[in-house]
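K.L.:
Below are the structure tokens for one structure; questions will follow.
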There are 6 protein chains.
Amino acid sequence: MGADLENLVNEAALLAARKSRTEVGMPDFEEAKDKILMGTARKSVIMNDHERELTAYHEAGHVIVAKTVPSSDPVHKVTIIPRGLSLGQTQQLPVEDRYTVSKSFLINRLAILMGGRAAEMNIFHEETTGAGQDIKQASEIARKMVAQWGMSVLGPIRMDQHDEMVFLGRELSTSREVSEQTAKRVDREIKRFVMEAQDLASEIMEKRHEDLKRLAAALLERETLDGSEIDAVLTPAPAADPA
Amino acid sequence: MGADLENLVNEAALLAARKSRTEVGMPDFEEAKDKILMGTARKSVIMNDHERELTAYHEAGHVIVAKTVPSSDPVHKVTIIPRGLSLGQTQQLPVEDRYTVSKSFLINRLAILMGGRAAEMNIFHEETTGAGQDIKQASEIARKMVAQWGMSVLGPIRMDQHDEMVFLGRELSTSREVSEQTAKRVDREIKRFVMEAQDLASEIMEKRHEDLKRLAAALLERETLDGSEIDAVLTPAPAADPA
Amino acid sequence: MGADLENLVNEAALLAARKSRTEVGMPDFEEAKDKILMGTARKSVIMNDHERELTAYHEAGHVIVAKTVPSSDPVHKVTIIPRGLSLGQTQQLPVEDRYTVSKSFLINRLAILMGGRAAEMNIFHEETTGAGQDIKQASEIARKMVAQWGMSVLGPIRMDQHDEMVFLGRELSTSREVSEQTAKRVDREIKRFVMEAQDLASEIMEKRHEDLKRLAAALLERETLDGSEIDAVLTPAPAADPA
Amino acid sequence: MGADLENLVNEAALLAARKSRTEVGMPDFEEAKDKILMGTARKSVIMNDHERELTAYHEAGHVIVAKTVPSSDPVHKVTIIPRGLSLGQTQQLPVEDRYTVSKSFLINRLAILMGGRAAEMNIFHEETTGAGQDIKQASEIARKMVAQWGMSVLGPIRMDQHDEMVFLGRELSTSREVSEQTAKRVDREIKRFVMEAQDLASEIMEKRHEDLKRLAAALLERETLDGSEIDAVLTPAPAADPA
Amino acid sequence: MGADLENLVNEAALLAARKSRTEVGMPDFEEAKDKILMGTARKSVIMNDHERELTAYHEAGHVIVAKTVPSSDPVHKVTIIPRGLSLGQTQQLPVEDRYTVSKSFLINRLAILMGGRAAEMNIFHEETTGAGQDIKQASEIARKMVAQWGMSVLGPIRMDQHDEMVFLGRELSTSREVSEQTAKRVDREIKRFVMEAQDLASEIMEKRHEDLKRLAAALLERETLDGSEIDAVLTPAPAADPA
Amino acid sequence: MGADLENLVNEAALLAARKSRTEVGMPDFEEAKDKILMGTARKSVIMNDHERELTAYHEAGHVIVAKTVPSSDPVHKVTIIPRGLSLGQTQQLPVEDRYTVSKSFLINRLAILMGGRAAEMNIFHEETTGAGQDIKQASEIARKMVAQWGMSVLGPIRMDQHDEMVFLGRELSTSREVSEQTAKRVDREIKRFVMEAQDLASEIMEKRHEDLKRLAAALLERETLDGSEIDAVLTPAPAADPA
């Protein structure tokens, strides 16, 4: 503990000094903590060739799944130009606003999210940390499908322990209790949804292996592709079985 | 963590700037957080045809169950004109104030809440996120039936872990402890109540399939129906078995 | 989450506006939250005939048990005139101050609390929410009998997880830990005490069915009865077996 | 929730008004909460004859055990004059300051604490709430014997979950984690210590039944007895087996 | 609860009054709480003969183990003059600063900590509360050996639930989760380390019973002994088996 | 508790006095707490010969693994000059920035972290506390591999209980719940990753025992070695099997 604390205090003092202030404030501690945990914020991203390739395949994977599963939003753009902290981005643009979504739409969404890693695995046969945000998002969607939207075999029962509403720093709503048994079942169903999505994504990668390579190549060459450019690269999508 | 935090700080700074303020305050962080989690607040709702249809069937489902089960409050109005964040609404108006409600009234209430999804399933054979609020409400009612009102086989014993009274930001009342075993049993009884309500709602949808279609059609045409207009559309309700 | 939050903020803003204030304060959020959760506060209670009857039987049930079990405090008054948020009230007045109470007194107290629902069940054969507060109180007494006063087979050992003392917003006393196994046993003993009290109350309702009807009728007619008026209505209490 | 909250707010407003203040402050809420939970604070205690008798036997029970077990502190005074919120008191005065206590001293202390109820049971054959504080104290001592002082079969290992040090409103020390299995064993050993103490106390009450009656009678007559007066009432202590 | 609260408030008011202040502040509540929980702070410690003897043997036990196990720091001084709240003290003085310690050093440290009680048991055959602090320290060291330093059969994995870093009143670091199974295994290994240390300490007491008596006698006579005085009293240490 | 508290208050008062202040503030309590828990901060580190040797082997162990496993960052510098609170340091310098890392890179990273202790064990056959920070870091990486990056047999599902984002003193993000069963599986996989890394590191130490000794000797002589100096000391790395 001593080392961590001393480390933090020193770092915070340095930061305050650098800003020519004589007092060490809470923001300094925040910044110091972040710096210790994450290293200095990366201002400009310069990827090496391998990471560019990895990113290209990752984004291409999202696109390929999105172009294969039925009833997903059209792909508007895909890019491997880093922006902020993300190395690439696949943008889907709904044709119109959407207020309610169906279970099959969400299952396809999970598959699209799993598409990034599926592509990496298809080509490089190894997991990377690049799928971290996809995993987080997919797990949250799957949890809501099970615990809030009643889309699993567990039935239409709200099964999350805490309401999400934190307002002005304190929880306003009442907390709900679920037993360990229910929690176990929720975990099992979340896993089922995500694993099935992963299997579907992997299957699509295998079937459209050539498209994946062509799309990644196009991305490495041109960095950004819009919807019609993507369509020009890809062969027409084969029929796929979404669930 | 880094990405999330940077994202949030950026978003908050942008929001403050947009309001020509030089300081980033807590409200900016609140707004930034909401925006990141939910996308920009939807100011005007323009549903596509499928969603209008879905909403019409969903609301019609609530109405059909309410008109079928015995001893529920009269349906005052049903609408598919979006208001605030809800896409449609079924309003029941008690004939007079109600201070105490019976187990059978609550069981019917659960069935009415399940009616929305039951109608969607009857027509489209798929779950949507549209039932999220119904599921939440039904689960809360079922939990109270079990844990506060002693209406399950577990007997007239208070079985929730925390009192709901949060006052001026801190919990005033004492907390109660329940064992994991009790929590498991409470979960089981909640599930039983909700599943039975869902079964009842589904059964009613099957029996009154034609009424459901007629009511949804009327809603799609006229958008809002009052009590007598609903009665004019529906055939007289068949006898139903509430529990 | 979005809907709830927007709802809350809107409601609070409306409340502040209604009071001609330009700032939305924490009290407004409190009030808004209550309104959303509970509907507008009911200012004047006008019960329908059925609810008056239900209330009359409920209160009469409390009285009948209190007049049957040995060594309970004399019934001072019973009323079905709503006051505040309670629809009726049975007042027992100790002959003198009481500082220590015996296990049998508490067992009788539990039975009196269970008397309200027992009467409803005896007449209407259905549970209502009217017994919610009785259930809460009975469960708390039973929990103390088990976990604080050593009156169950679990022995004279303190078995609650947290001390009740919350002072100036923070817990002053040390917390105690109990294992899941102990928590399970405490739950089991609480259930035993409450279920036995319910059985005793039901038994008394059966034996004094005629008295129950006479007392409820008197209450419906006169709304409030004092001790001697109650005695005049009832036949002399038969001997009852308290535990 | 509504009823409790309204109740609390009303009560607090009344209290503030009674003190001619126009603002309702946190102390009013505190007082209101206490009043609701406990009734108005009892200013003057006037016990009835039965409670005086109960108290006399309860205190006499403590004294008898203290005079029977070896190596306990001399009894300085015993009284049934209520003071503050306690109805009676047995004061033991150590001959000299004590800084370290042995396991056998603590086992005797547990027996003395159990003596109050043992006496009540010996005479009235029923548990009362009067032993609540004794149970709390005994359980805390037994817990420390097991979890802090290493006096049970579980060995000299610290086994409580939280350190007791709450300072200036926040926990300064680190928390320790114990598994459910350890918590279960701690509970079992606590129970063993308290149950053995109870058995010892009951046994002493049986053996010295006449002394118990004589001492209680003397207390009822004279209300307070000092050490030599107690000795004059009692027969010389028989040999007792402390553990 | 009422009694505790009233008690606390009264005590705090008295303390404030005694200091001629008209307001009761948080420090008064702190002090009042301590007084209620612990009695008035003991200003001057006057031990009786038995406690002096107990303390002498307790400290001598620490010394004997420290002089027997290999590779522990030299004993600088041992005293039975009470200071602050401790009744005696054994001071070990490292020959030089120490930044990293080995498992065997820690195992010896555990044995030295267990030496106090081992000596008491060897002579008086009974546990006392005097080992409370030793038990606490030993348990904390053993926990770190298992959960932070990877010195048990559970391997080099961090296994504590919370980081220790509480800074400016809030936890800065992220919390780690361990399963109940892992917690159970950690408890088991902690117990193993402490029990083995206790066995080693007891064995040493048996082997060096005469030295223990000689050292305690010297302490009772001279109250404080420095390193060379200790060596003069003791026979040369026999070979001992540290683990 | 009393002793701890008194100790803390005294220490804080002393610290305030030493700074000629009349008020004892929160920083004084912080400092006092640290001092009690850790002893006065060590300003200058003077290691004895054994600790220097231990440190040299520890750092050499990190280097040897880093130079043996494929695809790890080049070792820039290794030193046994203490700095801040760390006794030595091995610095790896990535050839270029790295944004995504592969599972095999992380597995190698775990092995490098385990290299310090593996070297100590290879030479001294005993665990020391020196590996505490390595264990902490390795456990955190392994936990992320399992619970955030989907690199274990448990699949691409987010499985940690709390999000890490603590912002301005309160948790902004929603908490996730995992069942005890999932927690148990996560623990098992974390252990698997770390144990395999330890085995790999130990194996490398055995194979390159001579290199380890040569590198440690060079470090003891020259204290700091840069990349080319390290290469000069080591024999060319044999082929190693990373997973």
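Residues are named by chain letter and number: chains run A, B, ... in the order of the structure tokens, numbers start at 1 in each chain, and ligands are numbered from 1 in the order shown.
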With 6 Å as the cut-off and only C-alpha atoms counted, what is the closest atom pair between each nearby residue of chain B and chain C? Distances in Å to one decimal, ordered by chain and number, as a tab-separated table.
P.N.:
```
residue	atom	partner	partner_atom	distance
B:Leu85	CA	C:Ala3	CA	5.8
B:Thr100	CA	C:Gly130	CA	5.5
B:Val101	CA	C:Thr128	CA	5.4
B:Ser102	CA	C:Thr128	CA	4.0
B:Lys103	CA	C:Glu127	CA	5.6
B:Gln148	CA	C:Gly132	CA	6.0
B:Trp149	CA	C:Gly132	CA	4.9
B:Pro156	CA	C:Ile135	CA	5.9
B:Ile157	CA	C:Ser139	CA	5.7
B:Arg158	CA	C:Lys136	CA	5.5
B:Thr174	CA	C:Glu164	CA	5.8
B:Ser179	CA	C:Lys184	CA	4.9
```
K.L.:
So that I can check the surroundings of His209 (chain C), please list as a list in words every protein, DNA and RNA residue that reaches within 9 Å of it, counting only C-alpha atoms and ignoring chain neighbours fewer than 5 positions away.
P.N.:
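Everything that qualifies: Ala119, Asn122, Ile123, Ile204 and Arg214 of chain C.
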K.L.:
For the residues selected in the previous step, produce a file with N, CA, C and O atoms as a PDB file, in the first residue's frame.
P.N.:
```
ATOM      1  N   ALA C 119     -59.695 -12.849   9.351  1.00  0.00           N
ATOM      2  CA  ALA C 119     -61.113 -12.498   9.207  1.00  0.00           C
ATOM      3  C   ALA C 119     -61.483 -12.334   7.732  1.00  0.00           C
ATOM      4  O   ALA C 119     -62.514 -12.859   7.278  1.00  0.00           O
ATOM      5  N   ASN C 122     -61.733 -15.707   6.242  1.00  0.00           N
ATOM      6  CA  ASN C 122     -62.889 -16.427   6.769  1.00  0.00           C
ATOM      7  C   ASN C 122     -64.156 -16.036   6.014  1.00  0.00           C
ATOM      8  O   ASN C 122     -65.032 -16.866   5.758  1.00  0.00           O
ATOM      9  N   ILE C 123     -64.238 -14.785   5.642  1.00  0.00           N
ATOM     10  CA  ILE C 123     -65.454 -14.281   5.000  1.00  0.00           C
ATOM     11  C   ILE C 123     -65.342 -14.264   3.468  1.00  0.00           C
ATOM     12  O   ILE C 123     -66.215 -14.746   2.748  1.00  0.00           O
ATOM     13  N   ILE C 204     -59.463 -19.248  15.632  1.00  0.00           N
ATOM     14  CA  ILE C 204     -60.341 -18.381  16.419  1.00  0.00           C
ATOM     15  C   ILE C 204     -61.471 -17.832  15.540  1.00  0.00           C
ATOM     16  O   ILE C 204     -62.628 -17.770  15.957  1.00  0.00           O
ATOM     17  N   ARG C 214     -71.144 -10.392  13.730  1.00  0.00           N
ATOM     18  CA  ARG C 214     -71.868  -9.394  14.540  1.00  0.00           C
ATOM     19  C   ARG C 214     -71.037  -8.142  14.730  1.00  0.00           C
ATOM     20  O   ARG C 214     -71.529  -7.019  14.617  1.00  0.00           O
TER      21      ARG C 214
END
```
K.L.:
Quote the spacing between CA of Ile81 (chain F) and CA of Ala56 (chain F) in Å to one decimal place.
P.N.:
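Separation between CA of Ile81 (chain F) and CA of Ala56 (chain F): 9.8 Å.
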K.L.:
One decimal, Å: what's the distance from CA of Asp211 (chain C) over to CA of Ala60 (chain C), could you say?
P.N.:
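If I compute the distance from CA of Asp211 (chain C) to CA of Ala60 (chain C), I get 9.0 Å.
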K.L.:
Might you pull out every residue within 12 Å of Glu223 (chain D), with only C-alpha atoms counted and same-chain residues fewer than 6 positions away left off, and present them as a list in words?
P.N.:
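The residues satisfying every condition are Arg52, Glu53, Thr55, Ala56, Tyr57, Glu59, Ala60, Lys77, Val78, Thr79, Ile80, Ile81, Pro82, Leu87, Gly88, Gln89, Thr90, Leu215, Ala216, Ala217, Glu229 and Ile230 of chain D.
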K.L.:
Where in region 38-234 of chain A does DSSP assign alpha helix (DSSP H), given as a PyMOL selection string?
P.N.:
chain A and resi 38+49-68+103-124+132-147+180-207+209-222+227-233
K.L.:
CA of Arg109 (chain D) and CA of Met205 (chain D), how far apart in Å?
P.N.:
15.6 Å
